[in-house]
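Visitor: So I've got this file, model.tsv, and it contains TSV, C-alpha atoms (C1' of nucleotides):
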chain	number	residue	atom	x	y	z
C	1	MET	CA	2.30	-1.79	-41.82
C	2	ARG	CA	-1.19	-1.05	-42.98
C	3	ILE	CA	-4.00	1.32	-42.44
C	4	SER	CA	-7.08	-0.64	-41.46
C	5	THR	CA	-10.33	-0.70	-43.38
C	6	ARG	CA	-11.61	2.00	-41.02
C	7	GLY	CA	-9.42	4.58	-42.71
C	8	GLY	CA	-10.03	3.22	-46.18
C	9	TYR	CA	-13.79	3.07	-45.80
C	10	GLY	CA	-13.76	6.49	-44.19
C	11	ILE	CA	-11.95	8.12	-47.08
C	12	ARG	CA	-14.24	6.51	-49.62
C	13	ALA	CA	-17.32	7.58	-47.71
C	14	MET	CA	-16.02	11.12	-47.39
C	15	PHE	CA	-15.28	11.12	-51.10
C	16	GLU	CA	-18.96	10.39	-51.81
C	17	LEU	CA	-20.03	13.21	-49.53
C	18	ALA	CA	-17.55	15.52	-51.24
C	19	VAL	CA	-18.95	14.69	-54.67
C	20	ALA	CA	-22.47	15.49	-53.44
C	21	HIS	CA	-21.38	18.57	-51.52
C	22	GLY	CA	-23.86	21.45	-51.70
C	23	GLN	CA	-26.71	19.20	-52.81
C	24	GLY	CA	-28.12	18.43	-49.37
C	25	PRO	CA	-27.49	15.51	-47.06
C	26	VAL	CA	-26.79	12.02	-48.35
C	27	PRO	CA	-28.27	9.12	-46.37
C	28	LEU	CA	-25.89	6.55	-44.97
C	29	ARG	CA	-27.53	3.84	-46.99
C	30	THR	CA	-26.72	5.55	-50.27
C	31	VAL	CA	-23.06	6.03	-49.36
C	32	ALA	CA	-22.77	2.45	-48.16
C	33	HIS	CA	-24.24	1.06	-51.38
C	34	LYS	CA	-22.17	3.22	-53.70
C	35	GLN	CA	-18.95	2.23	-51.97
C	36	ALA	CA	-19.90	-1.36	-51.13
C	37	ILE	CA	-19.49	-0.95	-47.38
C	38	SER	CA	-21.58	-2.60	-44.67
C	39	GLU	CA	-24.25	-0.14	-43.55
C	40	ASN	CA	-24.04	-1.04	-39.91
C	41	TYR	CA	-20.30	-0.75	-39.85
C	42	LEU	CA	-20.21	2.52	-41.74
C	43	GLU	CA	-22.64	3.92	-39.22
C	44	GLN	CA	-20.02	3.55	-36.51
C	45	LEU	CA	-17.41	5.26	-38.62
C	46	MET	CA	-19.71	8.16	-39.41
C	47	GLY	CA	-20.25	8.60	-35.69
C	48	ALA	CA	-16.52	9.05	-35.20
C	49	LEU	CA	-16.32	11.48	-38.11
C	50	ARG	CA	-19.18	13.48	-36.69
C	51	ARG	CA	-17.60	13.68	-33.26
C	52	ALA	CA	-14.42	14.87	-34.95
C	53	GLY	CA	-16.39	17.70	-36.50
C	54	LEU	CA	-15.86	16.58	-40.08
C	55	VAL	CA	-19.47	15.80	-40.96
C	56	ASN	CA	-22.92	16.87	-39.83
C	57	GLY	CA	-25.58	14.27	-39.23
C	58	ILE	CA	-29.10	15.39	-40.12
C	59	ARG	CA	-31.82	13.28	-38.59
C	60	GLY	CA	-35.24	12.37	-39.73
C	61	ALA	CA	-36.77	11.79	-43.13
C	62	ARG	CA	-34.76	13.46	-45.89
C	63	GLY	CA	-31.82	13.44	-43.51
C	64	GLY	CA	-28.36	12.02	-43.98
C	65	TYR	CA	-24.80	13.22	-43.71
C	66	GLU	CA	-23.03	16.18	-45.23
C	67	LEU	CA	-19.51	17.55	-44.96
C	68	ALA	CA	-19.12	20.06	-42.15
C	69	LEU	CA	-16.50	21.94	-44.20
C	70	SER	CA	-15.82	22.45	-47.86
C	71	PRO	CA	-13.97	19.55	-49.55
C	72	ALA	CA	-10.91	21.74	-50.02
C	73	ASP	CA	-10.71	22.23	-46.26
C	74	ILE	CA	-10.74	18.58	-45.27
C	75	LYS	CA	-7.42	16.79	-45.46
C	76	VAL	CA	-7.17	13.06	-45.91
C	77	GLY	CA	-5.02	13.05	-42.78
C	78	ASP	CA	-7.89	14.50	-40.76
C	79	VAL	CA	-10.12	11.62	-41.76
C	80	ILE	CA	-7.49	9.01	-40.95
C	81	ARG	CA	-6.77	10.58	-37.58
C	82	ALA	CA	-10.46	10.68	-36.70
C	83	LEU	CA	-10.82	6.99	-37.44
C	84	GLU	CA	-7.47	5.47	-36.54
C	85	GLY	CA	-5.89	7.85	-34.08
C	86	PRO	CA	-2.61	9.72	-34.52
C	87	ILE	CA	-0.52	8.99	-37.58
C	88	VAL	CA	2.61	7.54	-36.00
C	89	PRO	CA	4.56	4.45	-37.00
C	90	VAL	CA	5.49	3.70	-33.37
C	91	ARG	CA	4.15	5.10	-30.12
C	92	CYS	CA	7.40	6.67	-29.00
C	93	VAL	CA	7.17	9.37	-31.67
C	94	ASP	CA	3.63	10.34	-30.67
C	95	GLN	CA	3.97	13.82	-29.27
C	96	ASN	CA	1.10	13.33	-26.85
C	97	ARG	CA	2.74	10.46	-25.07
C	98	ALA	CA	6.39	11.13	-25.54
C	99	HIS	CA	7.50	9.67	-22.24
C	100	ASP	CA	6.24	6.13	-22.47
C	101	CYS	CA	9.76	4.97	-23.22
C	102	GLU	CA	12.68	5.82	-20.95
C	103	ARG	CA	15.19	4.97	-23.60
C	104	VAL	CA	13.99	7.93	-25.62
C	105	GLU	CA	17.26	9.80	-25.56
C	106	ILE	CA	19.48	6.92	-26.55
C	107	CYS	CA	17.26	4.99	-28.94
C	108	PRO	CA	19.02	4.50	-32.28
C	109	THR	CA	15.75	4.10	-34.16
C	110	ARG	CA	13.88	7.13	-32.97
C	111	GLY	CA	15.20	9.41	-35.68
C	112	LEU	CA	14.11	6.93	-38.29
C	113	TRP	CA	10.56	6.75	-37.03
C	114	LYS	CA	10.33	10.50	-36.92
C	115	LYS	CA	11.40	10.71	-40.53
C	116	LEU	CA	8.85	8.09	-41.47
C	117	ARG	CA	6.10	9.80	-39.52
C	118	ASP	CA	6.86	13.14	-41.15
C	119	SER	CA	6.85	11.73	-44.65
C	120	MET	CA	3.55	9.95	-44.07
C	121	THR	CA	2.00	13.05	-42.53
C	122	GLU	CA	3.21	15.13	-45.43
C	123	VAL	CA	1.44	12.98	-48.00
C	124	LEU	CA	-1.78	12.65	-46.05
C	125	ASP	CA	-2.03	16.29	-45.05
C	126	SER	CA	-1.22	17.69	-48.46
C	127	THR	CA	-4.17	15.92	-50.07
C	128	THR	CA	-7.73	17.16	-49.58
C	129	LEU	CA	-11.06	15.68	-50.52
C	130	ALA	CA	-11.24	18.28	-53.29
C	131	ASP	CA	-8.02	16.84	-54.72
C	132	LEU	CA	-9.55	13.36	-54.76
C	133	CYS	CA	-12.62	14.66	-56.61
C	134	GLN	CA	-10.40	16.45	-59.10
C	135	GLU	CA	-8.34	13.35	-59.74
C	136	ALA	CA	-11.42	11.19	-60.17
C	137	ALA	CA	-12.82	13.68	-62.66
C	138	ASN	CA	-9.58	13.61	-64.63
C	139	GLU	CA	-9.50	9.86	-64.85
C	140	GLU	CA	-13.02	9.78	-66.17
C	141	SER	CA	-12.05	11.63	-69.33
O	1	MET	CA	-1.34	2.97	-38.90
O	2	ARG	CA	1.57	1.42	-37.12
O	3	ILE	CA	4.39	-0.94	-37.63
O	4	SER	CA	4.14	-3.71	-35.05
O	5	THR	CA	6.74	-4.53	-32.44
O	6	ARG	CA	8.08	-7.18	-34.82
O	7	GLY	CA	9.54	-4.51	-37.04
O	8	GLY	CA	10.68	-2.35	-34.16
O	9	TYR	CA	12.37	-5.18	-32.31
O	10	GLY	CA	13.88	-6.41	-35.54
O	11	ILE	CA	15.50	-3.09	-36.34
O	12	ARG	CA	16.87	-2.74	-32.85
O	13	ALA	CA	18.28	-6.27	-32.89
O	14	MET	CA	19.87	-5.68	-36.27
O	15	PHE	CA	21.34	-2.46	-34.97
O	16	GLU	CA	23.11	-4.40	-32.23
O	17	LEU	CA	24.49	-6.85	-34.76
O	18	ALA	CA	25.63	-3.97	-36.95
O	19	VAL	CA	27.52	-2.39	-34.06
O	20	ALA	CA	29.30	-5.68	-33.40
O	21	HIS	CA	29.87	-6.41	-37.07
O	22	GLY	CA	33.23	-8.01	-37.77
O	23	GLN	CA	33.74	-9.08	-34.18
O	24	GLY	CA	32.26	-12.54	-34.43
O	25	PRO	CA	28.74	-13.76	-33.70
O	26	VAL	CA	26.60	-12.26	-30.94
O	27	PRO	CA	24.42	-14.64	-28.95
O	28	LEU	CA	20.70	-14.02	-28.96
O	29	ARG	CA	20.71	-13.58	-25.22
O	30	THR	CA	23.09	-10.65	-25.42
O	31	VAL	CA	21.05	-8.88	-28.07
O	32	ALA	CA	17.83	-9.49	-26.16
O	33	HIS	CA	19.26	-8.10	-22.94
O	34	LYS	CA	20.82	-5.04	-24.51
O	35	GLN	CA	17.59	-4.11	-26.24
O	36	ALA	CA	15.22	-5.31	-23.52
O	37	ILE	CA	13.38	-7.78	-25.72
O	38	SER	CA	12.00	-11.16	-24.67
O	39	GLU	CA	14.55	-13.83	-25.59
O	40	ASN	CA	12.00	-16.37	-26.68
O	41	TYR	CA	10.17	-13.90	-28.86
O	42	LEU	CA	13.29	-12.50	-30.43
O	43	GLU	CA	14.31	-16.02	-31.35
O	44	GLN	CA	11.31	-16.25	-33.64
O	45	LEU	CA	12.15	-12.96	-35.27
O	46	MET	CA	15.76	-13.98	-35.85
O	47	GLY	CA	14.46	-17.09	-37.58
O	48	ALA	CA	12.57	-14.93	-40.04
O	49	LEU	CA	15.60	-12.71	-40.61
O	50	ARG	CA	17.77	-15.73	-41.23
O	51	ARG	CA	15.34	-17.19	-43.74
O	52	ALA	CA	15.34	-13.80	-45.47
O	53	GLY	CA	19.11	-14.06	-45.81
O	54	LEU	CA	19.85	-11.04	-43.66
O	55	VAL	CA	21.65	-12.83	-40.82
O	56	ASN	CA	23.64	-16.04	-40.32
O	57	GLY	CA	22.95	-18.21	-37.32
O	58	ILE	CA	26.00	-19.94	-35.92
O	59	ARG	CA	25.28	-22.87	-33.66
O	60	GLY	CA	27.03	-24.30	-30.70
O	61	ALA	CA	29.04	-22.80	-27.88
O	62	ARG	CA	30.50	-19.44	-28.92
O	63	GLY	CA	27.81	-19.23	-31.53
O	64	GLY	CA	25.25	-16.52	-32.11
O	65	TYR	CA	24.07	-14.34	-34.95
O	66	GLU	CA	25.93	-12.09	-37.31
O	67	LEU	CA	24.89	-9.95	-40.25
O	68	ALA	CA	25.01	-11.80	-43.54
O	69	LEU	CA	25.93	-8.56	-45.34
O	70	SER	CA	27.76	-5.42	-44.41
O	71	PRO	CA	25.66	-2.87	-42.49
O	72	ALA	CA	25.79	-0.48	-45.43
O	73	ASP	CA	24.13	-3.10	-47.61
O	74	ILE	CA	21.14	-3.79	-45.38
O	75	LYS	CA	18.27	-1.37	-45.70
O	76	VAL	CA	15.81	-0.80	-42.91
O	77	GLY	CA	13.09	-1.62	-45.43
O	78	ASP	CA	14.58	-5.10	-45.95
O	79	VAL	CA	14.27	-5.83	-42.25
O	80	ILE	CA	10.70	-4.57	-42.06
O	81	ARG	CA	9.69	-6.58	-45.11
O	82	ALA	CA	11.26	-9.74	-43.71
O	83	LEU	CA	9.27	-9.39	-40.49
O	84	GLU	CA	6.01	-7.76	-41.52
O	85	GLY	CA	5.58	-8.48	-45.20
O	86	PRO	CA	5.37	-5.95	-48.01
O	87	ILE	CA	5.32	-2.26	-47.15
O	88	VAL	CA	1.90	-1.25	-48.44
O	89	PRO	CA	-0.73	0.88	-46.74
O	90	VAL	CA	-3.58	-1.08	-48.35
O	91	ARG	CA	-3.58	-4.37	-50.20
O	92	CYS	CA	-4.77	-2.97	-53.51
O	93	VAL	CA	-1.43	-1.23	-54.10
O	94	ASP	CA	0.59	-4.39	-53.49
O	95	GLN	CA	2.12	-5.20	-56.86
O	96	ASN	CA	2.08	-8.92	-56.17
O	97	ARG	CA	-1.65	-9.06	-55.77
O	98	ALA	CA	-2.84	-6.20	-57.87
O	99	HIS	CA	-6.09	-7.79	-58.92
O	100	ASP	CA	-7.78	-8.48	-55.61
O	101	CYS	CA	-10.08	-5.52	-56.17
O	102	GLU	CA	-12.20	-5.16	-59.29
O	103	ARG	CA	-12.75	-1.49	-58.67
O	104	VAL	CA	-9.08	-0.86	-59.34
O	105	GLU	CA	-9.60	1.30	-62.36
O	106	ILE	CA	-12.21	3.59	-60.89
O	107	CYS	CA	-11.15	3.82	-57.28
O	108	PRO	CA	-10.68	7.45	-56.25
O	109	THR	CA	-8.28	6.57	-53.47
O	110	ARG	CA	-5.83	4.35	-55.28
O	111	GLY	CA	-3.59	7.18	-56.36
O	112	LEU	CA	-3.37	8.38	-52.80
O	113	TRP	CA	-2.28	5.01	-51.45
O	114	LYS	CA	0.35	4.71	-54.12
O	115	LYS	CA	1.78	8.06	-53.15
O	116	LEU	CA	1.79	7.04	-49.52
O	117	ARG	CA	3.40	3.69	-50.27
O	118	ASP	CA	6.12	5.35	-52.31
O	119	SER	CA	6.94	7.90	-49.68
O	120	MET	CA	7.15	5.24	-46.98
O	121	THR	CA	9.29	3.00	-49.14
O	122	GLU	CA	11.57	5.90	-49.96
O	123	VAL	CA	12.32	6.60	-46.31
O	124	LEU	CA	12.78	2.98	-45.32
O	125	ASP	CA	14.90	2.01	-48.30
O	126	SER	CA	17.16	5.04	-48.17
O	127	THR	CA	18.28	4.25	-44.62
O	128	THR	CA	20.75	1.45	-43.94
O	129	LEU	CA	21.97	-0.10	-40.71
O	130	ALA	CA	25.23	1.76	-41.25
O	131	ASP	CA	23.26	5.02	-41.20
O	132	LEU	CA	21.71	4.09	-37.87
O	133	CYS	CA	25.15	3.35	-36.41
O	134	GLN	CA	26.44	6.64	-37.70
O	135	GLU	CA	23.56	8.55	-36.20
O	136	ALA	CA	23.92	6.82	-32.86
O	137	ALA	CA	27.62	7.67	-32.83
O	138	ASN	CA	26.85	11.32	-33.55
O	139	GLU	CA	24.34	11.59	-30.75
O	140	GLU	CA	26.81	10.17	-28.29
O	141	SER	CA	29.10	13.13	-28.69
H	1	DT	C1'	-50.95	13.61	-35.80
H	2	DA	C1'	-49.42	9.10	-37.67
H	3	DG	C1'	-45.87	6.92	-39.64
H	4	DA	C1'	-41.98	6.56	-42.58
H	5	DT	C1'	-37.27	7.83	-42.78
H	6	DA	C1'	-33.11	8.66	-40.75
H	7	DT	C1'	-29.58	9.34	-37.38
H	8	DC	C1'	-27.80	8.00	-32.82
H	9	DC	C1'	-26.07	4.77	-29.24
H	10	DG	C1'	-24.25	0.88	-26.73
H	11	DA	C1'	-23.64	-3.89	-26.34
H	12	DG	C1'	-22.08	-8.09	-28.27
H	13	DT	C1'	-19.43	-11.45	-31.32
H	14	DG	C1'	-16.32	-14.23	-34.41
H	15	DG	C1'	-12.02	-14.26	-36.37
H	16	DA	C1'	-7.37	-12.85	-37.05
H	17	DA	C1'	-3.14	-11.00	-35.61
H	18	DT	C1'	0.05	-9.83	-31.96
H	19	DA	C1'	3.17	-10.92	-28.56
H	20	DC	C1'	4.50	-13.81	-26.32
H	21	DT	C1'	5.81	-18.90	-23.59
H	22	DC	C1'	7.37	-23.60	-23.57
H	23	DG	C1'	9.59	-28.01	-24.50
H	24	DG	C1'	12.68	-30.42	-26.79
H	25	DG	C1'	16.01	-31.46	-30.59
H	26	DA	C1'	20.38	-30.54	-33.22
H	27	DT	C1'	24.98	-28.62	-33.46
H	28	DT	C1'	29.43	-27.07	-32.01
H	29	DC	C1'	33.13	-25.68	-28.96
H	30	DA	C1'	36.18	-26.61	-24.94
K	1	DT	C1'	31.17	-35.38	-22.26
K	2	DG	C1'	28.75	-31.37	-21.33
K	3	DA	C1'	27.77	-26.64	-21.61
K	4	DA	C1'	26.35	-23.22	-24.82
K	5	DT	C1'	23.80	-22.03	-28.51
K	6	DC	C1'	20.76	-22.14	-32.45
K	7	DC	C1'	16.57	-24.35	-34.39
K	8	DC	C1'	11.65	-25.66	-34.61
K	9	DG	C1'	6.81	-26.34	-33.75
K	10	DA	C1'	3.03	-26.08	-30.73
K	11	DG	C1'	0.29	-23.55	-27.55
K	12	DT	C1'	-1.91	-19.31	-25.32
K	13	DA	C1'	-3.57	-14.84	-23.58
K	14	DT	C1'	-4.72	-10.48	-25.16
K	15	DT	C1'	-5.98	-7.15	-28.26
K	16	DC	C1'	-7.94	-5.26	-32.30
K	17	DC	C1'	-10.80	-5.56	-36.36
K	18	DA	C1'	-14.91	-5.85	-38.83
K	19	DC	C1'	-19.21	-6.31	-38.28
K	20	DT	C1'	-24.20	-7.33	-36.28
K	21	DC	C1'	-28.12	-6.13	-33.62
K	22	DG	C1'	-31.80	-3.89	-31.02
K	23	DG	C1'	-33.82	-0.08	-29.87
K	24	DA	C1'	-34.17	5.09	-28.78
K	25	DT	C1'	-34.62	9.67	-30.76
K	26	DA	C1'	-35.44	13.21	-34.14
K	27	DT	C1'	-37.61	15.07	-38.34
K	28	DC	C1'	-40.12	15.41	-42.52
K	29	DT	C1'	-44.43	14.51	-45.07
K	30	DA	C1'	-49.09	13.23	-45.97
Translate the structure of the given file into structure tokens.

Guide:
Amino acid sequence: MRISTRGGYGIRAMFELAVAHGQGPVPLRTVAHKQAISENYLEQLMGALRRAGLVNGIRGARGGYELALSPADIKVGDVIRALEGPIVPVRCVDQNRAHDCERVEICPTRGLWKKLRDSMTEVLDSTTLADLCQEAANEES
Amino acid sequence: MRISTRGGYGIRAMFELAVAHGQGPVPLRTVAHKQAISENYLEQLMGALRRAGLVNGIRGARGGYELALSPADIKVGDVIRALEGPIVPVRCVDQNRAHDCERVEICPTRGLWKKLRDSMTEVLDSTTLADLCQEAANEES
DNA sequence: TAGATATCCGAGTGGAATACTCGGGATTCA
DNA sequence: TGAATCCCGAGTATTCCACTCGGATATCTA
């Protein structure tokens, strides 16, 4: 009942990019060091985030990564989905593959999972990177 | 971002026991067949549920399993916890091991995980086996 | 234009967890 | 007694996670 480190690392990395937003690209190495994440591993995650359209990768010297959108327009849920796939507690409430289970109509637990999915989605999609920055700034004072 | 089959199977098995509550023990085999779960595997899960005090195992011919409490007194969250451990999205918001991470005080994502944990817990602990039975009965009509 | 700095890409790997199977022992009912 | 049933521990195949590595490609700067 956990999100893996992929999601956790991803959020922390995106947080760093959000803090530096508007100040040019941040190299992977810098992000990895600030958040104590393996460089090689983070590289893979950034690839997924780039393919999801959440960050831009800028090559060459003075390159790095930057958010593709403003921090207020990137939801935490987007980051999790890009790195861990759809946010569903069990497959049978994944809208994309609704028919994996023939018992769908009579399953006593389906309603429960839907409720759980919705409540998780609500939390993750109502928080943006800008919110995380705001909260961090508040705690500092 | 999923609960494993352990939790899913567990809930479904407990649902069967809840339906038969008050009518004597139900053998593992019956539960397994009704819910299309491997007998051998389910046996392991029932062991965990028994050790958690949620079911009684009754040995011998005419034996089986029965709920140790009334369906209204068993929360879905109890079952999940017995089978999958604490309901926490990431370790650092597990109250039992709060100090695994030294960055606790400055971590920008901690608040988020707490919110997520609370919303998940709320759903799972506000639903009982009796609620599942009720819902199943409603859908039948 | 050389070379340093980066991203990009795919393959590979060790360990842990999942989802089981299997064999045999203990208990109880008929 | 013997059939039914729970109880228990060991073993196993598969999958996923977390991470490493080597090298290709692109871009800036001197």

Visitor: Report as a PyMOL selection string the set of chain C residues whose atoms approach chain O to within 6 Å, with distances computed over all atoms listed in the file.

Guide: chain C and resi 1-3+89-90+108+136

Visitor: Residues of chain C near chain H: apply a cut-off of 12 Å, count all atoms listed in the file, and supply the list as a VMD selection string.

Guide: chain C and resid 25 to 30 43 to 44 46 to 48 50 to 51 56 to 65

Visitor: Using C-alpha atoms, can you write the selected residues to a file as a short mmCIF file (atom, residue, chain, number, x, y, z; two decimals), in the coordinates of the input?

Guide:
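Result file selection_4.cif:
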data_model
loop_
_atom_site.label_atom_id
_atom_site.label_comp_id
_atom_site.auth_asym_id
_atom_site.auth_seq_id
_atom_site.Cartn_x
_atom_site.Cartn_y
_atom_site.Cartn_z
CA PRO C 25 -27.49 15.51 -47.06
CA VAL C 26 -26.79 12.02 -48.35
CA PRO C 27 -28.27 9.12 -46.37
CA LEU C 28 -25.89 6.55 -44.97
CA ARG C 29 -27.53 3.84 -46.99
CA THR C 30 -26.72 5.55 -50.27
CA GLU C 43 -22.64 3.92 -39.22
CA GLN C 44 -20.02 3.55 -36.51
CA MET C 46 -19.71 8.16 -39.41
CA GLY C 47 -20.25 8.60 -35.69
CA ALA C 48 -16.52 9.05 -35.20
CA ARG C 50 -19.18 13.48 -36.69
CA ARG C 51 -17.60 13.68 -33.26
CA ASN C 56 -22.92 16.87 -39.83
CA GLY C 57 -25.58 14.27 -39.23
CA ILE C 58 -29.10 15.39 -40.12
CA ARG C 59 -31.82 13.28 -38.59
CA GLY C 60 -35.24 12.37 -39.73
CA ALA C 61 -36.77 11.79 -43.13
CA ARG C 62 -34.76 13.46 -45.89
CA GLY C 63 -31.82 13.44 -43.51
CA GLY C 64 -28.36 12.02 -43.98
CA TYR C 65 -24.80 13.22 -43.71
#

Visitor: Would you superpose chain O on chain C, least squares on all C-alpha atoms in order, and hand back the fitted chain as a short mmCIF file (atom, residue, chain, number, x, y, z; two decimals) with C-alpha atoms, keeping the file's coordinate frame?

Guide:
data_model
loop_
_atom_site.label_atom_id
_atom_site.label_comp_id
_atom_site.auth_asym_id
_atom_site.auth_seq_id
_atom_site.Cartn_x
_atom_site.Cartn_y
_atom_site.Cartn_z
CA MET O 1 2.27 -1.70 -41.77
CA ARG O 2 -1.22 -0.97 -42.92
CA ILE O 3 -4.04 1.39 -42.39
CA SER O 4 -7.12 -0.60 -41.42
CA THR O 5 -10.37 -0.70 -43.33
CA ARG O 6 -11.66 2.00 -40.98
CA GLY O 7 -9.46 4.57 -42.65
CA GLY O 8 -10.06 3.22 -46.13
CA TYR O 9 -13.82 3.09 -45.76
CA GLY O 10 -13.80 6.50 -44.14
CA ILE O 11 -11.97 8.12 -47.02
CA ARG O 12 -14.23 6.52 -49.57
CA ALA O 13 -17.36 7.59 -47.68
CA MET O 14 -16.05 11.13 -47.37
CA PHE O 15 -15.29 11.13 -51.06
CA GLU O 16 -18.94 10.39 -51.79
CA LEU O 17 -20.04 13.23 -49.54
CA ALA O 18 -17.55 15.54 -51.22
CA VAL O 19 -18.94 14.71 -54.66
CA ALA O 20 -22.45 15.52 -53.45
CA HIS O 21 -21.36 18.59 -51.53
CA GLY O 22 -23.85 21.44 -51.73
CA GLN O 23 -26.68 19.20 -52.85
CA GLY O 24 -28.14 18.44 -49.46
CA PRO O 25 -27.51 15.51 -47.12
CA VAL O 26 -26.78 12.01 -48.40
CA PRO O 27 -28.29 9.11 -46.47
CA LEU O 28 -25.92 6.55 -45.04
CA ARG O 29 -27.54 3.83 -47.08
CA THR O 30 -26.68 5.55 -50.33
CA VAL O 31 -23.05 6.04 -49.38
CA ALA O 32 -22.76 2.46 -48.18
CA HIS O 33 -24.21 1.07 -51.40
CA LYS O 34 -22.14 3.22 -53.70
CA GLN O 35 -18.93 2.24 -51.96
CA ALA O 36 -19.90 -1.34 -51.13
CA ILE O 37 -19.50 -0.95 -47.39
CA SER O 38 -21.62 -2.60 -44.70
CA GLU O 39 -24.30 -0.13 -43.61
CA ASN O 40 -24.14 -1.03 -39.97
CA TYR O 41 -20.39 -0.76 -39.85
CA LEU O 42 -20.26 2.50 -41.73
CA GLU O 43 -22.72 3.94 -39.25
CA GLN O 44 -20.13 3.55 -36.52
CA LEU O 45 -17.50 5.24 -38.60
CA MET O 46 -19.78 8.16 -39.42
CA GLY O 47 -20.33 8.59 -35.69
CA ALA O 48 -16.61 9.04 -35.19
CA LEU O 49 -16.39 11.49 -38.08
CA ARG O 50 -19.27 13.49 -36.69
CA ARG O 51 -17.71 13.67 -33.24
CA ALA O 52 -14.51 14.86 -34.93
CA GLY O 53 -16.48 17.70 -36.49
CA LEU O 54 -15.91 16.59 -40.06
CA VAL O 55 -19.52 15.80 -40.96
CA ASN O 56 -23.01 16.86 -39.85
CA GLY O 57 -25.66 14.25 -39.28
CA ILE O 58 -29.15 15.37 -40.20
CA ARG O 59 -31.93 13.29 -38.73
CA GLY O 60 -35.34 12.37 -39.92
CA ALA O 61 -36.81 11.67 -43.33
CA ARG O 62 -34.75 13.36 -46.05
CA GLY O 63 -31.86 13.41 -43.65
CA GLY O 64 -28.38 12.01 -44.07
CA TYR O 65 -24.83 13.22 -43.77
CA GLU O 66 -23.05 16.17 -45.27
CA LEU O 67 -19.55 17.55 -44.96
CA ALA O 68 -19.18 20.06 -42.17
CA LEU O 69 -16.53 21.94 -44.18
CA SER O 70 -15.82 22.45 -47.82
CA PRO O 71 -13.97 19.57 -49.51
CA ALA O 72 -10.91 21.74 -49.97
CA ASP O 73 -10.71 22.24 -46.22
CA ILE O 74 -10.76 18.58 -45.22
CA LYS O 75 -7.45 16.79 -45.40
CA VAL O 76 -7.20 13.06 -45.85
CA GLY O 77 -5.05 13.04 -42.72
CA ASP O 78 -7.93 14.51 -40.69
CA VAL O 79 -10.17 11.63 -41.69
CA ILE O 80 -7.54 9.01 -40.90
CA ARG O 81 -6.82 10.57 -37.52
CA ALA O 82 -10.51 10.70 -36.64
CA LEU O 83 -10.88 6.99 -37.37
CA GLU O 84 -7.54 5.46 -36.44
CA GLY O 85 -5.92 7.86 -34.01
CA PRO O 86 -2.65 9.70 -34.47
CA ILE O 87 -0.55 8.97 -37.54
CA VAL O 88 2.59 7.54 -35.96
CA PRO O 89 4.54 4.45 -36.96
CA VAL O 90 5.52 3.71 -33.35
CA ARG O 91 4.23 5.11 -30.10
CA CYS O 92 7.50 6.67 -29.01
CA VAL O 93 7.24 9.36 -31.70
CA ASP O 94 3.72 10.37 -30.69
CA GLN O 95 4.09 13.88 -29.32
CA ASN O 96 1.23 13.43 -26.90
CA ARG O 97 2.87 10.58 -25.09
CA ALA O 98 6.52 11.23 -25.62
CA HIS O 99 7.67 9.79 -22.34
CA ASP O 100 6.39 6.24 -22.49
CA CYS O 101 9.89 5.01 -23.24
CA GLU O 102 12.85 5.81 -21.00
CA ARG O 103 15.32 4.91 -23.69
CA VAL O 104 14.17 7.91 -25.70
CA GLU O 105 17.46 9.70 -25.63
CA ILE O 106 19.64 6.80 -26.66
CA CYS O 107 17.39 4.90 -29.02
CA PRO O 108 19.09 4.40 -32.38
CA THR O 109 15.81 4.04 -34.23
CA ARG O 110 13.95 7.09 -33.01
CA GLY O 111 15.26 9.35 -35.72
CA LEU O 112 14.14 6.89 -38.34
CA TRP O 113 10.58 6.73 -37.04
CA LYS O 114 10.37 10.48 -36.93
CA LYS O 115 11.41 10.69 -40.55
CA LEU O 116 8.85 8.08 -41.47
CA ARG O 117 6.11 9.80 -39.49
CA ASP O 118 6.87 13.12 -41.14
CA SER O 119 6.83 11.72 -44.63
CA MET O 120 3.52 9.95 -44.02
CA THR O 121 1.98 13.04 -42.48
CA GLU O 122 3.19 15.14 -45.38
CA VAL O 123 1.41 12.99 -47.94
CA LEU O 124 -1.81 12.66 -45.98
CA ASP O 125 -2.05 16.30 -44.98
CA SER O 126 -1.23 17.70 -48.39
CA THR O 127 -4.17 15.90 -50.01
CA THR O 128 -7.72 17.16 -49.52
CA LEU O 129 -11.07 15.68 -50.48
CA ALA O 130 -11.23 18.28 -53.24
CA ASP O 131 -8.00 16.82 -54.65
CA LEU O 132 -9.53 13.36 -54.71
CA CYS O 133 -12.58 14.67 -56.58
CA GLN O 134 -10.35 16.43 -59.05
CA GLU O 135 -8.31 13.33 -59.68
CA ALA O 136 -11.39 11.18 -60.12
CA ALA O 137 -12.76 13.68 -62.63
CA ASN O 138 -9.50 13.61 -64.58
CA GLU O 139 -9.44 9.84 -64.79
CA GLU O 140 -12.96 9.78 -66.12
CA SER O 141 -11.93 11.58 -69.26
#

Visitor: Show me which bits of chain K are within 7 Å of chain C, counting all atoms listed in the file, as an MDAnalysis selection string.

Guide: chainID K and resid 19 26:28

Visitor: How many Å separate CA of Pro71 (chain C) from CA of His21 (chain C)?

Guide: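 Calculated distance between CA of Pro71 (chain C) and CA of His21 (chain C) is 7.7 Å.
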